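Data block for model-v6.txt (compact mmCIF, C-alpha atoms):
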# COMPACT_ATOMS: atom_id res chain seq x y z
CA MET A 1 -7.17 20.35 19.48
CA ASP A 2 -9.63 18.05 21.13
CA SER A 3 -8.73 14.40 21.26
CA SER A 4 -11.84 13.14 22.96
CA THR A 5 -13.29 9.84 21.88
CA ASN A 6 -16.89 9.65 20.77
CA ALA A 7 -17.69 6.06 19.99
CA SER A 8 -21.37 6.86 19.53
CA ALA A 9 -20.67 8.99 16.43
CA GLN A 10 -19.66 6.10 14.22
CA ALA A 11 -22.19 3.64 15.58
CA GLY A 12 -25.18 4.94 13.65
CA ASP A 13 -23.93 5.66 10.14
CA SER A 14 -24.97 3.05 7.61
CA GLU A 15 -22.21 1.29 5.74
CA PRO A 16 -21.98 1.14 1.95
CA PRO A 17 -22.07 -2.26 0.24
CA LEU A 18 -19.04 -4.31 1.20
CA ARG A 19 -16.31 -4.45 -1.44
CA VAL A 20 -13.55 -6.97 -0.80
CA PRO A 21 -10.50 -6.72 -3.09
CA SER A 22 -9.20 -10.21 -2.40
CA ASN A 23 -10.19 -13.10 -0.19
CA VAL A 24 -6.53 -13.75 0.61
CA ALA A 25 -5.19 -12.36 3.88
CA TRP A 26 -1.66 -12.88 5.19
CA THR A 27 -2.68 -14.73 8.34
CA GLU A 28 -0.52 -17.37 10.04
CA GLU A 29 -2.50 -20.20 8.40
CA THR A 30 -2.10 -18.73 4.92
CA LEU A 31 1.63 -18.23 5.36
CA ALA A 32 1.94 -21.84 6.60
CA ILE A 33 0.15 -23.21 3.50
CA VAL A 34 2.27 -21.18 1.08
CA SER A 35 5.59 -21.92 2.71
CA ASN A 36 4.92 -25.68 2.75
CA GLY A 37 4.57 -26.07 -1.02
CA ASP A 38 6.03 -29.20 -2.64
CA ALA A 39 8.28 -28.02 -5.47
CA PHE A 40 8.40 -31.46 -7.18
CA HIS A 41 4.62 -31.67 -7.41
CA GLY A 42 4.78 -28.11 -8.67
CA LEU A 43 7.17 -29.19 -11.43
CA LEU A 44 4.65 -31.80 -12.61
CA LEU A 45 1.77 -29.30 -12.51
CA ALA A 46 3.87 -26.68 -14.32
CA ARG A 47 3.79 -28.69 -17.56
CA ARG A 48 0.45 -27.09 -18.36
CA CYS A 49 1.91 -23.61 -17.78
CA ASN A 50 4.93 -24.11 -20.06
CA HIS A 51 3.10 -23.32 -23.27
CA CYS A 52 2.61 -19.64 -22.35
CA HIS A 53 5.07 -19.04 -19.53
CA GLY A 54 8.02 -20.92 -20.99
CA GLU A 55 9.74 -24.10 -19.93
CA GLU A 56 12.23 -22.11 -17.89
CA GLY A 57 9.63 -19.73 -16.52
CA PHE A 58 10.38 -17.06 -19.13
CA SER A 59 7.61 -16.29 -21.59
CA SER A 60 8.21 -15.86 -25.31
CA VAL A 61 5.43 -13.24 -25.55
CA PRO A 62 5.98 -9.89 -23.79
CA VAL A 63 2.42 -9.58 -22.48
CA PHE A 64 2.62 -12.91 -20.60
CA PRO A 65 4.41 -12.67 -17.25
CA ASN A 66 7.69 -14.39 -16.49
CA LEU A 67 7.34 -16.73 -13.53
CA ALA A 68 10.94 -17.73 -12.83
CA GLY A 69 12.09 -16.48 -9.45
CA GLU A 70 8.55 -15.32 -8.66
CA ASP A 71 7.74 -14.53 -5.04
CA ARG A 72 5.78 -17.41 -3.44
CA LEU A 73 3.21 -15.28 -1.66
CA SER A 74 2.58 -13.15 -4.72
CA PHE A 75 2.14 -16.15 -7.02
CA TRP A 76 -0.16 -17.95 -4.61
CA LYS A 77 -2.34 -14.89 -4.04
CA GLN A 78 -2.79 -14.31 -7.79
CA MET A 79 -3.79 -17.96 -8.34
CA LEU A 80 -6.43 -17.77 -5.60
CA ASP A 81 -7.67 -14.41 -6.87
CA PHE A 82 -8.04 -15.85 -10.37
CA ARG A 83 -9.90 -18.79 -8.86
CA SER A 84 -12.31 -16.59 -6.90
CA GLY A 85 -12.74 -14.11 -9.77
CA LYS A 86 -11.23 -11.21 -7.83
CA ARG A 87 -8.71 -10.87 -10.64
CA THR A 88 -10.10 -11.38 -14.11
CA SER A 89 -8.43 -13.06 -17.06
CA PRO A 90 -10.25 -15.19 -19.63
CA VAL A 91 -7.40 -17.69 -19.77
CA MET A 92 -6.11 -17.78 -16.22
CA GLN A 93 -9.48 -17.93 -14.48
CA GLY A 94 -10.24 -21.22 -16.21
CA ILE A 95 -6.83 -22.68 -15.43
CA ALA A 96 -6.81 -21.55 -11.80
CA ALA A 97 -10.27 -23.04 -11.27
CA GLY A 98 -8.67 -26.47 -11.56
CA LEU A 99 -6.04 -25.80 -8.90
CA SER A 100 -6.46 -26.37 -5.18
CA ALA A 101 -4.83 -24.04 -2.66
CA GLN A 102 -2.18 -26.70 -2.11
CA ASP A 103 -1.55 -27.01 -5.89
CA ALA A 104 -1.04 -23.26 -6.06
CA ALA A 105 1.44 -23.45 -3.17
CA ASP A 106 3.30 -26.31 -4.95
CA LEU A 107 3.54 -24.27 -8.15
CA ALA A 108 4.67 -21.24 -6.17
CA ALA A 109 7.44 -23.31 -4.59
CA TYR A 110 8.56 -24.60 -8.00
CA TYR A 111 8.59 -21.25 -9.79
CA SER A 112 10.28 -19.46 -6.88
CA MET A 113 13.18 -21.90 -7.25
CA LEU A 114 13.73 -21.44 -10.99
CA PRO A 115 16.91 -19.53 -11.79
CA ILE A 116 16.62 -16.11 -13.42
CA ALA A 117 19.98 -16.35 -15.17
CA SER A 118 20.01 -15.64 -18.89
CA ASP A 119 19.91 -18.56 -21.33
CA PRO A 120 20.65 -17.98 -25.05
CA GLN A 121 19.13 -21.37 -25.94
CA ASP A 122 15.72 -20.29 -24.71
CA ASN A 123 13.33 -18.27 -26.90
CA ARG A 124 12.40 -15.89 -24.10
CA SER A 125 11.30 -12.36 -24.95
CA PHE A 126 13.06 -10.88 -21.91
CA PRO A 127 14.90 -8.52 -22.00
CA GLN A 128 13.49 -6.20 -24.67
CA PRO A 129 15.44 -3.02 -25.41
CA MET A 130 13.61 0.18 -24.45
CA GLN A 131 11.67 1.75 -27.31
CA THR A 132 12.40 5.25 -26.03
CA PRO A 133 15.73 5.12 -24.16
CA SER A 134 15.42 8.85 -23.39
CA GLN A 135 12.74 7.99 -20.84
CA ALA A 136 15.12 5.91 -18.77
CA SER A 137 15.81 8.86 -16.47
CA ILE A 138 12.08 9.08 -15.60
CA ALA A 139 12.06 5.40 -14.71
CA ILE A 140 15.26 5.52 -12.65
CA ARG A 141 13.91 8.40 -10.59
CA LEU A 142 10.62 6.64 -9.87
CA ILE A 143 12.18 3.26 -9.14
CA ILE A 144 14.85 4.57 -6.76
CA PHE A 145 13.31 7.73 -5.27
CA GLY A 146 9.62 7.75 -6.16
CA ASP A 147 8.02 11.16 -6.09
CA GLY A 148 7.55 12.48 -2.59
CA GLN A 149 5.63 15.56 -3.74
CA ARG A 150 2.83 13.38 -5.13
CA GLY A 151 3.14 10.66 -2.50
CA ILE A 152 4.50 8.02 -4.87
CA PRO A 153 6.86 5.69 -3.01
CA PRO A 154 9.84 4.21 -4.89
CA CYS A 155 9.12 0.88 -6.64
CA GLN A 156 12.16 -0.73 -5.05
CA SER A 157 10.99 -0.15 -1.48
CA CYS A 158 8.22 -2.76 -1.88
CA HIS A 159 9.26 -4.81 -4.95
CA GLY A 160 12.88 -5.16 -3.92
CA PRO A 161 15.80 -5.27 -3.74
CA VAL A 162 15.82 -2.62 -0.99
CA SER A 163 12.88 -4.11 0.89
CA TYR A 164 9.84 -6.24 0.23
CA VAL A 165 6.29 -6.16 1.51
CA ARG A 166 4.13 -9.27 1.67
CA GLY A 167 2.61 -10.16 -1.67
CA ALA A 168 4.71 -7.76 -3.75
CA PRO A 169 6.38 -9.54 -6.68
CA PRO A 170 9.99 -8.87 -7.64
CA LEU A 171 10.06 -6.92 -10.91
CA ALA A 172 13.67 -7.16 -12.02
CA THR A 173 13.06 -9.97 -14.54
CA GLN A 174 9.46 -9.19 -15.48
CA ASN A 175 8.30 -8.54 -19.02
CA GLY A 176 7.74 -4.87 -19.86
CA GLY A 177 4.59 -5.49 -21.87
CA TYR A 178 2.99 -7.32 -18.96
CA LEU A 179 4.02 -4.64 -16.45
CA GLN A 180 2.61 -1.87 -18.58
CA GLU A 181 -0.70 -3.67 -19.02
CA GLN A 182 -1.01 -4.24 -15.27
CA LEU A 183 -0.15 -0.61 -14.44
CA GLU A 184 -2.84 0.53 -16.89
CA HIS A 185 -5.35 -1.88 -15.36
CA PHE A 186 -4.54 -0.73 -11.82
CA SER A 187 -4.90 2.90 -12.82
CA ASN A 188 -8.19 2.57 -14.69
CA GLY A 189 -9.78 0.20 -12.19
CA GLU A 190 -9.82 -2.92 -14.33
CA ARG A 191 -7.66 -4.72 -11.80
CA THR A 192 -8.75 -4.27 -8.19
CA ASN A 193 -7.26 -7.21 -6.28
CA ASP A 194 -4.54 -5.30 -4.43
CA ILE A 195 -5.09 -5.40 -0.67
CA ASN A 196 -6.02 -2.00 0.87
CA ILE A 197 -5.89 -0.10 -2.47
CA ARG A 198 -2.10 0.02 -2.36
CA MET A 199 -1.15 -0.33 -6.05
CA ARG A 200 -4.28 1.44 -7.28
CA SER A 201 -3.37 4.52 -5.21
CA ILE A 202 0.09 4.59 -6.77
CA ALA A 203 -0.73 3.64 -10.36
CA ARG A 204 -3.46 6.24 -10.82
CA GLN A 205 -1.05 9.01 -9.79
CA LEU A 206 1.43 8.04 -12.50
CA THR A 207 1.14 9.68 -15.89
CA ALA A 208 0.86 7.50 -19.00
CA GLU A 209 4.43 8.43 -19.90
CA GLU A 210 5.70 7.36 -16.47
CA ARG A 211 3.86 4.04 -16.61
CA THR A 212 5.43 3.29 -19.99
CA ALA A 213 8.87 4.38 -18.86
CA VAL A 214 8.89 2.22 -15.71
CA ALA A 215 7.51 -0.82 -17.52
CA GLU A 216 9.97 -0.57 -20.39
CA TYR A 217 12.88 0.02 -18.03
CA TYR A 218 12.13 -3.11 -16.02
CA GLY A 219 11.36 -5.01 -19.22
CA ALA A 220 14.79 -4.13 -20.57
CA GLY A 221 16.39 -5.94 -17.64
CA LEU A 222 17.80 -2.68 -16.28
CA GLY A 223 15.85 -2.63 -13.03
CA PRO A 224 17.73 -3.11 -9.76
CA GLY A 225 17.81 -6.58 -8.22
CA GLY A 226 18.17 -8.75 -11.30
CA ASN A 227 21.22 -10.91 -11.83
CA SER A 228 20.31 -11.84 -15.38
CA ARG A 229 22.90 -9.52 -16.89
CA MET B 1 32.16 28.25 43.37
CA LYS B 2 31.67 24.69 42.20
CA LEU B 3 28.13 24.64 43.61
CA LYS B 4 27.26 27.82 41.74
CA LYS B 5 28.42 26.24 38.47
CA GLN B 6 26.33 23.16 39.14
CA ILE B 7 23.25 25.22 39.90
CA GLY B 8 23.79 27.27 36.76
CA PHE B 9 24.14 24.06 34.71
CA ALA B 10 20.95 22.60 36.19
CA ALA B 11 19.06 25.84 35.51
CA ALA B 12 20.26 25.81 31.89
CA LEU B 13 19.07 22.21 31.50
CA VAL B 14 15.63 23.09 32.88
CA LEU B 15 15.43 26.07 30.52
CA VAL B 16 16.31 23.93 27.48
CA GLY B 17 13.74 21.38 28.61
CA LEU B 18 11.06 24.05 28.89
CA VAL B 19 11.85 25.36 25.39
CA ILE B 20 11.60 21.84 23.96
CA LEU B 21 8.33 21.22 25.81
CA SER B 22 6.82 24.49 24.63
CA THR B 23 7.46 23.63 20.97
CA ARG B 24 6.63 19.98 21.32
CA PHE B 25 4.88 18.28 18.45
CA ASN B 26 1.52 17.23 19.86
CA GLU B 27 1.19 13.59 18.97
CA VAL B 28 -2.03 11.84 19.66
CA GLU B 29 -0.48 9.00 21.60
CA LEU B 30 -2.30 5.92 22.70
CA PRO B 31 -3.15 5.58 26.36
CA VAL B 32 -1.27 2.80 28.12
CA TRP B 33 -4.42 0.79 28.76
CA HIS B 34 -4.78 0.20 25.03
CA PHE B 35 -1.91 -2.24 25.30
CA LEU B 36 -3.10 -4.03 28.42
CA GLY B 37 -4.92 -7.23 27.61
CA GLY B 38 -3.42 -7.54 24.13
CA GLY B 39 -5.55 -4.90 22.45
CA ASN B 40 -8.99 -5.39 20.95
CA GLY B 41 -8.53 -3.52 17.67
CA PRO B 42 -8.82 -4.92 14.15
CA ASP B 43 -6.39 -7.59 12.95
CA PRO B 44 -3.96 -5.78 10.60
CA ALA B 45 -3.85 -8.79 8.25
CA THR B 46 -7.61 -8.90 7.64
CA LEU B 47 -8.51 -5.20 7.45
CA HIS B 48 -9.71 -5.65 3.87
CA LEU B 49 -12.04 -8.56 4.68
CA ARG B 50 -14.20 -7.34 7.56
CA GLY B 51 -14.66 -4.55 10.04
CA GLU B 52 -14.90 -0.82 9.57
CA PHE B 53 -11.68 -0.48 7.53
CA VAL B 54 -12.82 -2.40 4.43
CA GLU B 55 -11.97 -0.44 1.30
CA SER B 56 -15.59 0.51 0.56
CA ASN B 57 -15.91 2.16 3.99
CA LEU B 58 -12.81 4.39 3.88
CA GLY B 59 -13.04 8.16 3.59
CA ALA B 60 -15.33 10.76 5.09
CA ALA B 61 -18.69 9.51 6.40
CA GLU B 62 -21.53 11.45 7.97
CA GLY B 63 -23.07 10.24 11.20
CA PRO B 64 -26.71 10.58 12.22
CA ALA B 65 -26.20 13.85 14.11
CA GLY B 66 -24.28 15.47 11.27
CA SER B 67 -20.95 14.46 12.77
CA LEU B 68 -18.17 13.75 10.30
CA THR B 69 -15.91 10.70 10.64
CA VAL B 70 -12.87 10.04 8.44
CA ARG B 71 -11.55 6.47 8.35
CA MET B 72 -8.06 5.83 7.04
CA ILE B 73 -5.49 3.06 6.78
CA ALA B 74 -1.77 3.76 6.96
CA GLN B 75 0.41 1.17 5.29
CA GLN B 76 3.84 0.90 3.72
CA PHE B 77 4.08 3.38 1.96
CA VAL B 78 0.77 5.04 1.22
CA PHE B 79 -2.13 6.43 3.21
CA VAL B 80 -5.49 5.14 2.05
CA PRO B 81 -7.39 7.14 0.97
CA GLN B 82 -4.46 9.17 -0.21
CA CYS B 83 -6.50 12.36 -0.55
CA ILE B 84 -9.14 13.30 2.02
CA VAL B 85 -11.53 16.23 1.84
CA VAL B 86 -13.15 17.83 4.90
CA PRO B 87 -15.11 21.06 5.53
CA ALA B 88 -13.49 23.97 7.37
CA SER B 89 -14.49 24.96 10.93
CA VAL B 90 -16.26 21.69 11.56
CA PRO B 91 -14.95 19.13 14.06
CA VAL B 92 -13.80 16.07 12.10
CA HIS B 93 -13.39 12.78 13.87
CA PHE B 94 -10.46 10.71 12.58
CA ARG B 95 -10.18 6.95 12.99
CA ILE B 96 -6.95 5.46 11.69
CA THR B 97 -5.21 2.12 11.95
CA SER B 98 -2.14 0.57 10.39
CA ALA B 99 -1.81 -2.55 8.24
CA ASP B 100 1.86 -3.15 8.99
CA ALA B 101 4.30 -0.82 10.77
CA VAL B 102 3.78 2.20 13.02
CA HIS B 103 3.01 5.33 11.00
CA MET B 104 1.95 8.83 11.91
CA LEU B 105 -0.43 11.01 9.95
CA SER B 106 0.60 14.63 10.32
CA PHE B 107 -0.54 17.78 8.58
CA VAL B 108 1.88 20.39 7.28
CA GLY B 109 1.05 23.66 9.03
CA ALA B 110 -0.60 22.01 11.99
CA SER B 111 1.26 20.97 15.12
CA TYR B 112 -0.38 17.64 15.73
CA GLY B 113 -0.20 14.15 14.35
CA LEU B 114 -2.13 10.94 14.63
CA LYS B 115 -0.19 7.78 15.30
CA ALA B 116 -1.31 4.68 13.41
CA VAL B 117 -0.45 1.43 15.17
CA PRO B 118 -1.22 -2.07 13.84
CA GLY B 119 -4.00 -3.72 15.81
CA VAL B 120 -5.24 -0.51 17.40
CA VAL B 121 -7.61 2.21 16.24
CA THR B 122 -6.30 5.68 17.05
CA GLU B 123 -8.93 8.39 17.10
CA ALA B 124 -9.03 12.11 17.61
CA THR B 125 -11.20 15.08 16.69
CA PHE B 126 -9.56 17.92 14.79
CA THR B 127 -11.01 21.19 13.54
CA PHE B 128 -9.37 22.81 10.52
CA ASP B 129 -10.05 26.54 10.44
CA ARG B 130 -8.29 27.55 7.24
CA PRO B 131 -9.42 26.26 3.82
CA GLY B 132 -6.63 25.05 1.58
CA VAL B 133 -4.70 22.04 0.42
CA PHE B 134 -2.32 20.59 2.99
CA LYS B 135 0.26 17.87 2.59
CA ALA B 136 -0.08 15.04 5.08
CA PRO B 137 3.26 13.25 5.35
CA CYS B 138 4.06 10.25 7.51
CA HIS B 139 5.91 11.50 10.58
CA GLU B 140 7.18 8.20 11.98
CA PHE B 141 9.94 6.27 10.23
CA CYS B 142 8.19 3.26 8.73
CA GLY B 143 10.66 1.75 6.25
CA SER B 144 12.69 2.43 3.14
CA GLY B 145 9.89 4.29 1.35
CA HIS B 146 8.97 6.44 4.35
CA PHE B 147 10.26 9.68 2.85
CA ALA B 148 7.80 9.44 -0.05
CA MET B 149 4.77 8.46 2.06
CA ARG B 150 2.53 11.44 1.82
CA GLY B 151 -1.19 11.98 1.71
CA GLN B 152 -3.15 15.11 1.04
CA LEU B 153 -5.80 16.95 3.02
CA GLU B 154 -8.17 19.31 1.27
CA VAL B 155 -10.05 21.69 3.56
CA VAL B 156 -12.91 23.30 1.65
CA PRO B 157 -15.19 26.12 2.89
CA ARG B 158 -18.13 24.78 4.81
CA ASP B 159 -20.76 25.77 2.25
CA GLN B 160 -18.89 23.96 -0.53
CA PHE B 161 -18.96 20.65 1.29
CA SER B 162 -22.33 19.14 0.43
CA PHE B 163 -24.06 16.78 2.81
CA LEU B 164 -23.21 13.12 2.54
CA ARG B 165 -25.96 10.62 1.97
CA PRO B 166 -26.13 7.69 4.40
CA GLY B 167 -23.68 5.11 3.10
CA GLU B 168 -21.77 7.63 0.99
CA ARG B 169 -18.02 7.88 1.52
CA ARG B 170 -16.14 10.89 0.22
CA THR B 171 -12.50 11.22 -0.79
CA CYS B 172 -10.79 13.49 -3.30
CA GLU B 173 -8.97 10.71 -5.11
CA PRO B 174 -9.01 10.75 -8.90
CA ARG B 175 -11.46 8.21 -10.23
Please, can you express the file's structure as structure tokens?
Amino acid sequence: MDSSTNASAQAGDSEPPLRVPSNVAWTEETLAIVSNGDAFHGLLLARRCNHCHGEEGFSSVPVFPNLAGEDRLSFWKQMLDFRSGKRTSPVMQGIAAGLSAQDAADLAAYYSMLPIASDPQDNRSFPQPMQTPSQASIAIRLIIFGDGQRGIPPCQSCHGPVSYVRGAPPLATQNGGYLQEQLEHFSNGERTNDINIRMRSIARQLTAEERTAVAEYYGAGLGPGGNSR
Amino acid sequence: MKLKKQIGFAAALVLVGLVILSTRFNEVELPVWHFLGGGNGPDPATLHLRGEFVESNLGAAEGPAGSLTVRMIAQQFVFVPQCIVVPASVPVHFRITSADAVHMLSFVGASYGLKAVPGVVTEATFTFDRPGVFKAPCHEFCGSGHFAMRGQLEVVPRDQFSFLRPGERRTCEPR
């Protein structure tokens, strides 16, 4: 083994065109903006979100994400990525274009405070029973243990409740239809706004069956970390 | 009598120490001077925005003199790129940094590892003699998903590894 350093070797090679997944970086300034959101201003702004995402932050359509109890950093990053076009959505890009960074932080503060308790009066689509309950064992294994042989870390080590990484949303009260769509988009390269190729590396190793199983399991409200049951 | 026992005990300790040293896992540690002056490596929070560790620049790259450099990021809980491919019997220069915690890239079957520290670029030159597919687990506890953090190293025979164009980056990740 030779551990010599040769700085000249990497000086000359030409770099490929720069590809930046997201303009958001978790610097001190960014964290300060997000953590100083005004939840009351967020409540006023959220009136234009209610139609799709529900008045209580729970959507009535499974392919729209639930926002109640959403992680502030995650929410804020998605809004700025929609605004800059790093994440594409025909609906959300137009809406996010009208939000400033401070507005996004206010909305993040509001939605992070919404309770995730169940409400029979609400017409939320969450939770949906699993279509194939026999696949629950696949989902449990991936969520709690991952698959070390393939290098797939457990979902709960970044998305909670065991531990969180910056920008990872909690999944316990998320809609299964939305989760499945996002896993598909990460795996086929339609969604590329994850910092340092983290979710893309994981999603493209999962089989189609595993993506469905994990999404349906979380969408059924069975995932760890939720207190909606 | 007591002195003899003490000498025997000391000799046994030295022997155990020598055995441990002889089988020691050869980590590529960072020299102390890397940490003097606060370090001048890339900011772990902005790796994806600028510098040599942007996502389009990761993987194996060929230098002007035919030298091969592999750039990687270690982060909770995946190595990026997760699968790297290098030719056998050719010195490969590794440059690795971390985006969050301290990780260590190790190769199953080889007795050395490469520590990835946030804010510092660790580099080393390895030569892999035997073609094959090797698992590359993280060898430094980095969090609750550490046990499943595992990359893959594919060593292919030298004639099967075609030359890289300038600006081309090679990994063996599924597209």
Next item on the list: Residues of chain B no more than 8 Å from chain A, counting only C-alpha atoms: send them over as a ChimeraX atom specification.
Entry: /B:28,45-49,54-57,61-65,67,69,73,76-78,80-82,123-127,143-151,166-169,174-175
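Among the candidates B:His103, B:Arg50, B:Lys5, B:Arg170, the residue lying nearest to Val70 of chain B is B:Arg170 (atoms considered: all atoms listed in the file).
Restricting the calculation to only C-alpha atoms, the smallest distance between Gly54 of chain A and any of A:Phe75, A:Tyr111, A:Tyr218, A:Tyr178 is found for A:Tyr111.
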Check: Interatomic distance between atom CA of Gly113 of chain B and atom CA of Ala136 of chain B?
Finding: 9.3 Å
Note to self: Here is a test: counting only C-alpha atoms, which residue of B:Lys115, B:Arg158, B:Arg165, B:Arg95 is nearest to Glu52 of chain B?
What the structure shows: B:Arg95
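Note that the spacing between atom CA of Phe58 of chain A and atom CA of Ile143 of chain A amounts to 22.7 Å.
Atom CA of Leu99 of chain A sits 16.0 Å away from atom CA of Asn36 of chain A.
Using only C-alpha atoms, the residues found no farther than 9 Å from Met92 of chain A, other than those of its own chain fewer than 3 positions away, are Met79, Phe82, Arg83, Thr88, Ser89, Ile95, Ala96 and Ala97 of chain A.
Each of B:Leu15, B:Ala74, B:Val156, B:Leu114 was compared to His93 of chain B using all atoms listed in the file, and B:Leu114 turns out to be the nearest.
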Counting all atoms listed in the file, which residues come within 7 Å of (-9.3, -9.1, -8.1), with the point read in the file's coordinates, and could you list them as a PDB file with C-alpha atoms, in the frame of the given file?
ATOM      1  CA  PRO A  21     -10.500  -6.720  -3.090  1.00  0.00           C
ATOM      2  CA  SER A  22      -9.200 -10.210  -2.400  1.00  0.00           C
ATOM      3  CA  ASP A  81      -7.670 -14.410  -6.870  1.00  0.00           C
ATOM      4  CA  GLY A  85     -12.740 -14.110  -9.770  1.00  0.00           C
ATOM      5  CA  LYS A  86     -11.230 -11.210  -7.830  1.00  0.00           C
ATOM      6  CA  ARG A  87      -8.710 -10.870 -10.640  1.00  0.00           C
ATOM      7  CA  THR A  88     -10.100 -11.380 -14.110  1.00  0.00           C
ATOM      8  CA  ARG A 191      -7.660  -4.720 -11.800  1.00  0.00           C
ATOM      9  CA  THR A 192      -8.750  -4.270  -8.190  1.00  0.00           C
ATOM     10  CA  ASN A 193      -7.260  -7.210  -6.280  1.00  0.00           C
TER      11      ASN A 193
END
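Residues in contact with Thr132 of chain A at 10 Å, where all atoms listed in the file are counted and same-chain residues fewer than 2 positions away are skipped, are listed as Pro129, Met130, Ser134, Gln135, Ala136, Thr212, Ala213, Glu216 and Tyr217 of chain A.
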Might I get the box with edges along x, y and z of the file that holds all atoms of segment 204-207 of chain A listed there, padded by 4 Å on every side, given as centre and edge lengths in Å to one decimal, as JSON?
{"center_x": -1.0, "center_y": 8.0, "center_z": -12.8, "size_x": 12.9, "size_y": 11.4, "size_z": 14.1}
